[in-house]
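Engineer: To be precise about what I am sending: the file is called entry_14.pdb and holds PDB, N, CA and C atoms and all ligand atoms.
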```
ATOM      1  N   MET A   1     -37.525  63.527 -66.674
ATOM      2  CA  MET A   1     -37.459  63.034 -65.294
ATOM      3  C   MET A   1     -38.302  61.783 -65.120
ATOM      4  N   ALA A   2     -39.467  61.824 -65.712
ATOM      5  CA  ALA A   2     -40.368  60.687 -65.570
ATOM      6  C   ALA A   2     -39.762  59.454 -66.247
ATOM      7  N   ASP A   3     -39.011  59.709 -67.316
ATOM      8  CA  ASP A   3     -38.410  58.577 -68.025
ATOM      9  C   ASP A   3     -37.371  57.887 -67.158
ATOM     10  N   VAL A   4     -36.613  58.692 -66.411
ATOM     11  CA  VAL A   4     -35.580  58.112 -65.547
ATOM     12  C   VAL A   4     -36.229  57.213 -64.500
ATOM     13  N   LYS A   5     -37.281  57.729 -63.903
ATOM     14  CA  LYS A   5     -37.979  56.937 -62.890
ATOM     15  C   LYS A   5     -38.477  55.629 -63.501
ATOM     16  N   LYS A   6     -39.022  55.747 -64.681
ATOM     17  CA  LYS A   6     -39.603  54.578 -65.326
ATOM     18  C   LYS A   6     -38.513  53.530 -65.625
ATOM     19  N   SER A   7     -37.371  54.022 -66.138
ATOM     20  CA  SER A   7     -36.308  53.075 -66.493
ATOM     21  C   SER A   7     -35.774  52.394 -65.244
ATOM     22  N   LYS A   8     -35.700  53.152 -64.153
ATOM     23  CA  LYS A   8     -35.222  52.537 -62.911
ATOM     24  C   LYS A   8     -36.148  51.405 -62.493
ATOM     25  N   THR A   9     -37.441  51.671 -62.606
ATOM     26  CA  THR A   9     -38.412  50.640 -62.249
ATOM     27  C   THR A   9     -38.258  49.423 -63.156
ATOM     28  N   ASN A  10     -37.998  49.701 -64.417
ATOM     29  CA  ASN A  10     -37.848  48.592 -65.357
ATOM     30  C   ASN A  10     -36.644  47.735 -64.996
ATOM     31  N   VAL A  11     -35.552  48.390 -64.599
ATOM     32  CA  VAL A  11     -34.348  47.645 -64.236
ATOM     33  C   VAL A  11     -34.638  46.726 -63.054
ATOM     34  N   THR A  12     -35.315  47.249 -62.065
ATOM     35  CA  THR A  12     -35.645  46.431 -60.896
ATOM     36  C   THR A  12     -36.528  45.256 -61.294
ATOM     37  N   ALA A  13     -37.504  45.549 -62.109
ATOM     38  CA  ALA A  13     -38.410  44.485 -62.543
ATOM     39  C   ALA A  13     -37.650  43.443 -63.348
ATOM     40  N   ARG A  14     -36.704  43.921 -64.155
ATOM     41  CA  ARG A  14     -35.929  42.971 -64.950
ATOM     42  C   ARG A  14     -35.096  42.064 -64.061
ATOM     43  N   GLN A  15     -34.487  42.661 -63.042
ATOM     44  CA  GLN A  15     -33.656  41.853 -62.145
ATOM     45  C   GLN A  15     -34.495  40.806 -61.437
ATOM     46  N   GLU A  16     -35.679  41.212 -61.004
ATOM     47  CA  GLU A  16     -36.546  40.247 -60.326
ATOM     48  C   GLU A  16     -36.940  39.131 -61.284
ATOM     49  N   ALA A  17     -37.245  39.499 -62.497
ATOM     50  CA  ALA A  17     -37.640  38.491 -63.474
ATOM     51  C   ALA A  17     -36.474  37.554 -63.763
ATOM     52  N   LYS A  18     -35.273  38.129 -63.800
ATOM     53  CA  LYS A  18     -34.100  37.311 -64.095
ATOM     54  C   LYS A  18     -33.872  36.304 -62.963
ATOM     55  N   GLN A  19     -34.026  36.777 -61.734
ATOM     56  CA  GLN A  19     -33.819  35.880 -60.601
ATOM     57  C   GLN A  19     -34.871  34.781 -60.598
ATOM     58  N   ALA A  20     -36.080  35.149 -60.950
ATOM     59  CA  ALA A  20     -37.161  34.170 -60.921
ATOM     60  C   ALA A  20     -36.951  33.102 -61.987
ATOM     61  N   GLN A  21     -36.172  33.452 -63.005
ATOM     62  CA  GLN A  21     -35.980  32.500 -64.090
ATOM     63  C   GLN A  21     -34.829  31.544 -63.815
ATOM     64  N   GLN A  22     -34.119  31.767 -62.733
ATOM     65  CA  GLN A  22     -33.001  30.877 -62.437
ATOM     66  C   GLN A  22     -33.539  29.593 -61.824
ATOM     67  N   LEU A  23     -33.739  28.631 -62.661
ATOM     68  CA  LEU A  23     -34.278  27.365 -62.196
ATOM     69  C   LEU A  23     -33.220  26.278 -62.308
ATOM     70  N   CYS A  24     -33.321  25.332 -61.413
ATOM     71  CA  CYS A  24     -32.384  24.219 -61.436
ATOM     72  C   CYS A  24     -32.577  23.391 -62.695
ATOM     73  N   ARG A  25     -31.486  22.968 -63.271
ATOM     74  CA  ARG A  25     -31.580  22.159 -64.492
ATOM     75  C   ARG A  25     -32.002  20.734 -64.175
ATOM     76  N   LEU A  26     -31.823  20.349 -62.938
ATOM     77  CA  LEU A  26     -32.120  18.959 -62.587
ATOM     78  C   LEU A  26     -33.572  18.790 -62.153
ATOM     79  N   CYS A  27     -33.998  19.643 -61.206
ATOM     80  CA  CYS A  27     -35.337  19.451 -60.648
ATOM     81  C   CYS A  27     -36.307  20.526 -61.102
ATOM     82  N   GLY A  28     -35.792  21.647 -61.648
ATOM     83  CA  GLY A  28     -36.673  22.686 -62.150
ATOM     84  C   GLY A  28     -37.173  23.635 -61.083
ATOM     85  N   ASN A  29     -36.686  23.470 -59.859
ATOM     86  CA  ASN A  29     -37.097  24.372 -58.793
ATOM     87  C   ASN A  29     -36.220  25.623 -58.804
ATOM     88  N   PRO A  30     -36.746  26.737 -58.316
ATOM     89  CA  PRO A  30     -35.938  27.955 -58.221
ATOM     90  C   PRO A  30     -34.719  27.723 -57.344
ATOM     91  N   ILE A  31     -33.588  28.219 -57.795
ATOM     92  CA  ILE A  31     -32.355  28.012 -57.050
ATOM     93  C   ILE A  31     -32.243  29.070 -55.961
ATOM     94  N   GLN A  32     -32.101  28.632 -54.729
ATOM     95  CA  GLN A  32     -31.953  29.558 -53.614
ATOM     96  C   GLN A  32     -30.481  29.807 -53.343
ATOM     97  N   VAL A  33     -30.149  31.077 -53.180
ATOM     98  CA  VAL A  33     -28.767  31.438 -52.874
ATOM     99  C   VAL A  33     -28.714  31.986 -51.452
ATOM    100  N   VAL A  34     -27.885  31.383 -50.632
ATOM    101  CA  VAL A  34     -27.791  31.797 -49.242
ATOM    102  C   VAL A  34     -26.365  32.207 -48.924
ATOM    103  N   MET A  35     -26.229  33.083 -47.930
ATOM    104  CA  MET A  35     -24.909  33.502 -47.492
ATOM    105  C   MET A  35     -24.434  32.584 -46.381
ATOM    106  N   GLN A  36     -23.255  32.048 -46.561
ATOM    107  CA  GLN A  36     -22.705  31.162 -45.540
ATOM    108  C   GLN A  36     -21.351  31.679 -45.089
ATOM    109  N   LEU A  37     -21.043  31.448 -43.835
ATOM    110  CA  LEU A  37     -19.731  31.832 -43.307
ATOM    111  C   LEU A  37     -18.783  30.644 -43.415
ATOM    112  N   THR A  38     -17.663  30.865 -44.063
ATOM    113  CA  THR A  38     -16.664  29.808 -44.148
ATOM    114  C   THR A  38     -15.900  29.747 -42.830
ATOM    115  N   PRO A  39     -15.236  28.613 -42.569
ATOM    116  CA  PRO A  39     -14.452  28.479 -41.335
ATOM    117  C   PRO A  39     -13.444  29.610 -41.165
ATOM    118  N   SER A  40     -13.017  30.193 -42.265
ATOM    119  CA  SER A  40     -12.043  31.273 -42.176
ATOM    120  C   SER A  40     -12.714  32.608 -41.907
ATOM    121  N   GLY A  41     -14.048  32.609 -41.794
ATOM    122  CA  GLY A  41     -14.759  33.826 -41.428
ATOM    123  C   GLY A  41     -15.185  34.664 -42.615
ATOM    124  N   ARG A  42     -15.116  34.120 -43.802
ATOM    125  CA  ARG A  42     -15.531  34.876 -44.982
ATOM    126  C   ARG A  42     -16.951  34.493 -45.382
ATOM    127  N   LYS A  43     -17.626  35.459 -45.977
ATOM    128  CA  LYS A  43     -18.974  35.175 -46.453
ATOM    129  C   LYS A  43     -18.896  34.559 -47.837
ATOM    130  N   GLN A  44     -19.747  33.581 -48.049
ATOM    131  CA  GLN A  44     -19.722  32.882 -49.332
ATOM    132  C   GLN A  44     -21.139  32.656 -49.810
ATOM    133  N   MET A  45     -21.346  32.892 -51.095
ATOM    134  CA  MET A  45     -22.661  32.649 -51.674
ATOM    135  C   MET A  45     -22.758  31.184 -52.065
ATOM    136  N   VAL A  46     -23.761  30.515 -51.512
ATOM    137  CA  VAL A  46     -23.906  29.087 -51.788
ATOM    138  C   VAL A  46     -25.280  28.832 -52.377
ATOM    139  N   ARG A  47     -25.295  28.105 -53.447
ATOM    140  CA  ARG A  47     -26.573  27.726 -54.058
ATOM    141  C   ARG A  47     -27.123  26.489 -53.382
ATOM    142  N   LYS A  48     -28.396  26.588 -53.010
ATOM    143  CA  LYS A  48     -29.019  25.437 -52.374
ATOM    144  C   LYS A  48     -30.084  24.873 -53.299
ATOM    145  N   CYS A  49     -29.936  23.629 -53.572
ATOM    146  CA  CYS A  49     -30.950  22.963 -54.398
ATOM    147  C   CYS A  49     -30.843  21.461 -54.140
ATOM    148  N   CYS A  50     -31.494  20.683 -54.981
ATOM    149  CA  CYS A  50     -31.593  19.244 -54.769
ATOM    150  C   CYS A  50     -30.222  18.607 -54.533
ATOM    151  N   GLY A  51     -29.355  18.672 -55.530
ATOM    152  CA  GLY A  51     -28.067  17.982 -55.424
ATOM    153  C   GLY A  51     -26.901  18.924 -55.390
ATOM    154  N   ALA A  52     -27.143  20.245 -55.361
ATOM    155  CA  ALA A  52     -26.049  21.207 -55.426
ATOM    156  C   ALA A  52     -25.562  21.607 -54.055
ATOM    157  N   ASN A  53     -26.026  20.882 -53.050
ATOM    158  CA  ASN A  53     -25.659  21.250 -51.679
ATOM    159  C   ASN A  53     -24.280  20.758 -51.308
ATOM    160  N   ALA A  54     -23.790  19.767 -51.982
ATOM    161  CA  ALA A  54     -22.500  19.175 -51.628
ATOM    162  C   ALA A  54     -21.364  20.130 -51.978
TER
HETATM  163 ZN    ZN B 101     -32.431  21.103 -58.128
END
```
Please rewrite the model in this file as structure tokens.
Ligand SMILES: [Zn+2]
Structural biologist:
Amino acid sequence: MADVKKSKTNVTARQEAKQAQQLCRLCGNPIQVVMQLTPSGRKQMVRKCCGANA
């Protein structure tokens, strides 16, 4: 039982570490992902960074 709990914690920690490692190739800043509503009313994941906003 304790192992299951531990592995779950590890998975969460891994995901956080993975997200933290997503850096922009151009400026090196962490890439922010935001939810945006398209004109058609759908949600869309958009990466916000130096030049990736277009
Ligand atoms: Zn950038």
Engineer: Near Met35 of chain A, within 6.5 Å and counting all atoms listed in the file, which residues show up once chain neighbours fewer than 3 positions away are dropped, as a PyMOL selection string?
Structural biologist: chain A and resi 43-46
Engineer: Could you take the residues named above and write them with N, CA and C atoms, as a compact mmCIF listing (two decimals), in the frame of the given file?
Structural biologist:
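Output file result.txt follows:
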```
# COMPACT_ATOMS: atom_id res chain seq x y z
N LYS A 43 -17.63 35.46 -45.98
CA LYS A 43 -18.97 35.17 -46.45
C LYS A 43 -18.90 34.56 -47.84
N GLN A 44 -19.75 33.58 -48.05
CA GLN A 44 -19.72 32.88 -49.33
C GLN A 44 -21.14 32.66 -49.81
N MET A 45 -21.35 32.89 -51.10
CA MET A 45 -22.66 32.65 -51.67
C MET A 45 -22.76 31.18 -52.06
N VAL A 46 -23.76 30.52 -51.51
CA VAL A 46 -23.91 29.09 -51.79
C VAL A 46 -25.28 28.83 -52.38
```
Engineer: Would you mind listing the residues within 6.5 Å of ligand ZN 101 (chain B), counting only N, CA and C atoms and all ligand atoms, as a PyMOL selection string?
Structural biologist: chain A and resi 24-29+49-52
Engineer: DSSP on the backbone, then: every residue of segment 7-54 of chain A marked strand (DSSP E), written as a ChimeraX atom specification.
Structural biologist: /A:32-37,43-48
Engineer: For atom CA of Ser7 of chain A and atom C of Gln22 of chain A, determine how far apart the two atoms are, in Å to one decimal place.
Structural biologist: 24.1 Å
Engineer: Atom CA of Arg47 of chain A to atom CA of Lys8 of chain A: how many Å, to one decimal?
Structural biologist: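 Distance between the two atoms: 27.7 Å.
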Engineer: From the structure just shown, export segment 5-43 of chain A with N, CA and C atoms as an mmCIF file, in the first residue's frame.
Structural biologist:
```cif
data_model
loop_
_atom_site.group_PDB
_atom_site.id
_atom_site.type_symbol
_atom_site.label_atom_id
_atom_site.label_comp_id
_atom_site.auth_asym_id
_atom_site.auth_seq_id
_atom_site.Cartn_x
_atom_site.Cartn_y
_atom_site.Cartn_z
ATOM 1 N N LYS A 5 1.175 4.566 -2.807
ATOM 2 C CA LYS A 5 1.147 5.988 -2.461
ATOM 3 C C LYS A 5 2.421 6.670 -2.955
ATOM 4 N N LYS A 6 3.520 6.001 -2.741
ATOM 5 C CA LYS A 6 4.804 6.590 -3.098
ATOM 6 C C LYS A 6 4.894 6.798 -4.623
ATOM 7 N N SER A 7 4.451 5.771 -5.369
ATOM 8 C CA SER A 7 4.554 5.880 -6.828
ATOM 9 C C SER A 7 3.652 6.993 -7.335
ATOM 10 N N LYS A 8 2.490 7.135 -6.704
ATOM 11 C CA LYS A 8 1.595 8.214 -7.130
ATOM 12 C C LYS A 8 2.269 9.564 -6.940
ATOM 13 N N THR A 9 2.922 9.706 -5.797
ATOM 14 C CA THR A 9 3.621 10.960 -5.528
ATOM 15 C C THR A 9 4.726 11.187 -6.555
ATOM 16 N N ASN A 10 5.389 10.105 -6.905
ATOM 17 C CA ASN A 10 6.473 10.236 -7.876
ATOM 18 C C ASN A 10 5.939 10.697 -9.225
ATOM 19 N N VAL A 11 4.789 10.153 -9.620
ATOM 20 C CA VAL A 11 4.205 10.537 -10.905
ATOM 21 C C VAL A 11 3.892 12.029 -10.912
ATOM 22 N N THR A 12 3.305 12.503 -9.845
ATOM 23 C CA THR A 12 2.978 13.929 -9.767
ATOM 24 C C THR A 12 4.243 14.774 -9.830
ATOM 25 N N ALA A 13 5.230 14.348 -9.090
ATOM 26 C CA ALA A 13 6.486 15.099 -9.081
ATOM 27 C C ALA A 13 7.119 15.082 -10.463
ATOM 28 N N ARG A 14 7.001 13.936 -11.133
ATOM 29 C CA ARG A 14 7.579 13.855 -12.472
ATOM 30 C C ARG A 14 6.878 14.804 -13.429
ATOM 31 N N GLN A 15 5.554 14.848 -13.327
ATOM 32 C CA GLN A 15 4.806 15.734 -14.225
ATOM 33 C C GLN A 15 5.186 17.183 -13.986
ATOM 34 N N GLU A 16 5.323 17.540 -12.718
ATOM 35 C CA GLU A 16 5.704 18.922 -12.417
ATOM 36 C C GLU A 16 7.093 19.215 -12.967
ATOM 37 N N ALA A 17 7.982 18.275 -12.809
ATOM 38 C CA ALA A 17 9.339 18.480 -13.301
ATOM 39 C C ALA A 17 9.335 18.593 -14.821
ATOM 40 N N LYS A 18 8.477 17.794 -15.453
ATOM 41 C CA LYS A 18 8.422 17.817 -16.911
ATOM 42 C C LYS A 18 7.908 19.179 -17.390
ATOM 43 N N GLN A 19 6.889 19.680 -16.706
ATOM 44 C CA GLN A 19 6.339 20.973 -17.105
ATOM 45 C C GLN A 19 7.368 22.073 -16.896
ATOM 46 N N ALA A 20 8.108 21.963 -15.817
ATOM 47 C CA ALA A 20 9.082 23.005 -15.512
ATOM 48 C C ALA A 20 10.209 23.008 -16.537
ATOM 49 N N GLN A 21 10.388 21.870 -17.198
ATOM 50 C CA GLN A 21 11.488 21.785 -18.148
ATOM 51 C C GLN A 21 11.088 22.278 -19.531
ATOM 52 N N GLN A 22 9.826 22.593 -19.706
ATOM 53 C CA GLN A 22 9.399 23.063 -21.020
ATOM 54 C C GLN A 22 9.791 24.524 -21.175
ATOM 55 N N LEU A 23 10.922 24.727 -21.762
ATOM 56 C CA LEU A 23 11.414 26.082 -21.941
ATOM 57 C C LEU A 23 11.403 26.447 -23.418
ATOM 58 N N CYS A 24 11.210 27.717 -23.658
ATOM 59 C CA CYS A 24 11.210 28.194 -25.033
ATOM 60 C C CYS A 24 12.588 28.031 -25.650
ATOM 61 N N ARG A 25 12.611 27.622 -26.889
ATOM 62 C CA ARG A 25 13.901 27.438 -27.565
ATOM 63 C C ARG A 25 14.507 28.774 -27.962
ATOM 64 N N LEU A 26 13.676 29.781 -28.024
ATOM 65 C CA LEU A 26 14.175 31.076 -28.492
ATOM 66 C C LEU A 26 14.702 31.922 -27.338
ATOM 67 N N CYS A 27 13.869 32.060 -26.292
ATOM 68 C CA CYS A 27 14.255 32.966 -25.211
ATOM 69 C C CYS A 27 14.638 32.219 -23.946
ATOM 70 N N GLY A 28 14.281 30.923 -23.849
ATOM 71 C CA GLY A 28 14.668 30.144 -22.687
ATOM 72 C C GLY A 28 13.745 30.314 -21.499
ATOM 73 N N ASN A 29 12.664 31.062 -21.684
ATOM 74 C CA ASN A 29 11.715 31.238 -20.593
ATOM 75 C C ASN A 29 10.719 30.080 -20.581
ATOM 76 N N PRO A 30 10.162 29.771 -19.419
ATOM 77 C CA PRO A 30 9.139 28.725 -19.344
ATOM 78 C C PRO A 30 7.953 29.072 -20.227
ATOM 79 N N ILE A 31 7.468 28.085 -20.947
ATOM 80 C CA ILE A 31 6.359 28.326 -21.859
ATOM 81 C C ILE A 31 5.048 28.244 -21.087
ATOM 82 N N GLN A 32 4.262 29.296 -21.152
ATOM 83 C CA GLN A 32 2.971 29.313 -20.477
ATOM 84 C C GLN A 32 1.885 28.855 -21.433
ATOM 85 N N VAL A 33 1.043 27.963 -20.938
ATOM 86 C CA VAL A 33 -0.069 27.478 -21.751
ATOM 87 C C VAL A 33 -1.372 27.986 -21.141
ATOM 88 N N VAL A 34 -2.151 28.678 -21.939
ATOM 89 C CA VAL A 34 -3.394 29.247 -21.447
ATOM 90 C C VAL A 34 -4.559 28.721 -22.264
ATOM 91 N N MET A 35 -5.733 28.699 -21.637
ATOM 92 C CA MET A 35 -6.934 28.276 -22.336
ATOM 93 C C MET A 35 -7.602 29.486 -22.964
ATOM 94 N N GLN A 36 -7.866 29.382 -24.240
ATOM 95 C CA GLN A 36 -8.521 30.488 -24.931
ATOM 96 C C GLN A 36 -9.791 29.994 -25.599
ATOM 97 N N LEU A 37 -10.771 30.864 -25.672
ATOM 98 C CA LEU A 37 -12.018 30.526 -26.363
ATOM 99 C C LEU A 37 -11.930 30.998 -27.809
ATOM 100 N N THR A 38 -12.147 30.082 -28.723
ATOM 101 C CA THR A 38 -12.159 30.461 -30.130
ATOM 102 C C THR A 38 -13.501 31.111 -30.451
ATOM 103 N N PRO A 39 -13.555 31.871 -31.553
ATOM 104 C CA PRO A 39 -14.814 32.512 -31.951
ATOM 105 C C PRO A 39 -15.960 31.513 -32.067
ATOM 106 N N SER A 40 -15.635 30.267 -32.338
ATOM 107 C CA SER A 40 -16.682 29.263 -32.475
ATOM 108 C C SER A 40 -17.098 28.704 -31.125
ATOM 109 N N GLY A 41 -16.472 29.188 -30.045
ATOM 110 C CA GLY A 41 -16.886 28.787 -28.707
ATOM 111 C C GLY A 41 -16.155 27.569 -28.183
ATOM 112 N N ARG A 42 -15.091 27.171 -28.829
ATOM 113 C CA ARG A 42 -14.335 26.013 -28.357
ATOM 114 C C ARG A 42 -13.124 26.466 -27.549
ATOM 115 N N LYS A 43 -12.747 25.614 -26.612
ATOM 116 C CA LYS A 43 -11.563 25.927 -25.824
ATOM 117 C C LYS A 43 -10.328 25.451 -26.566
#
```
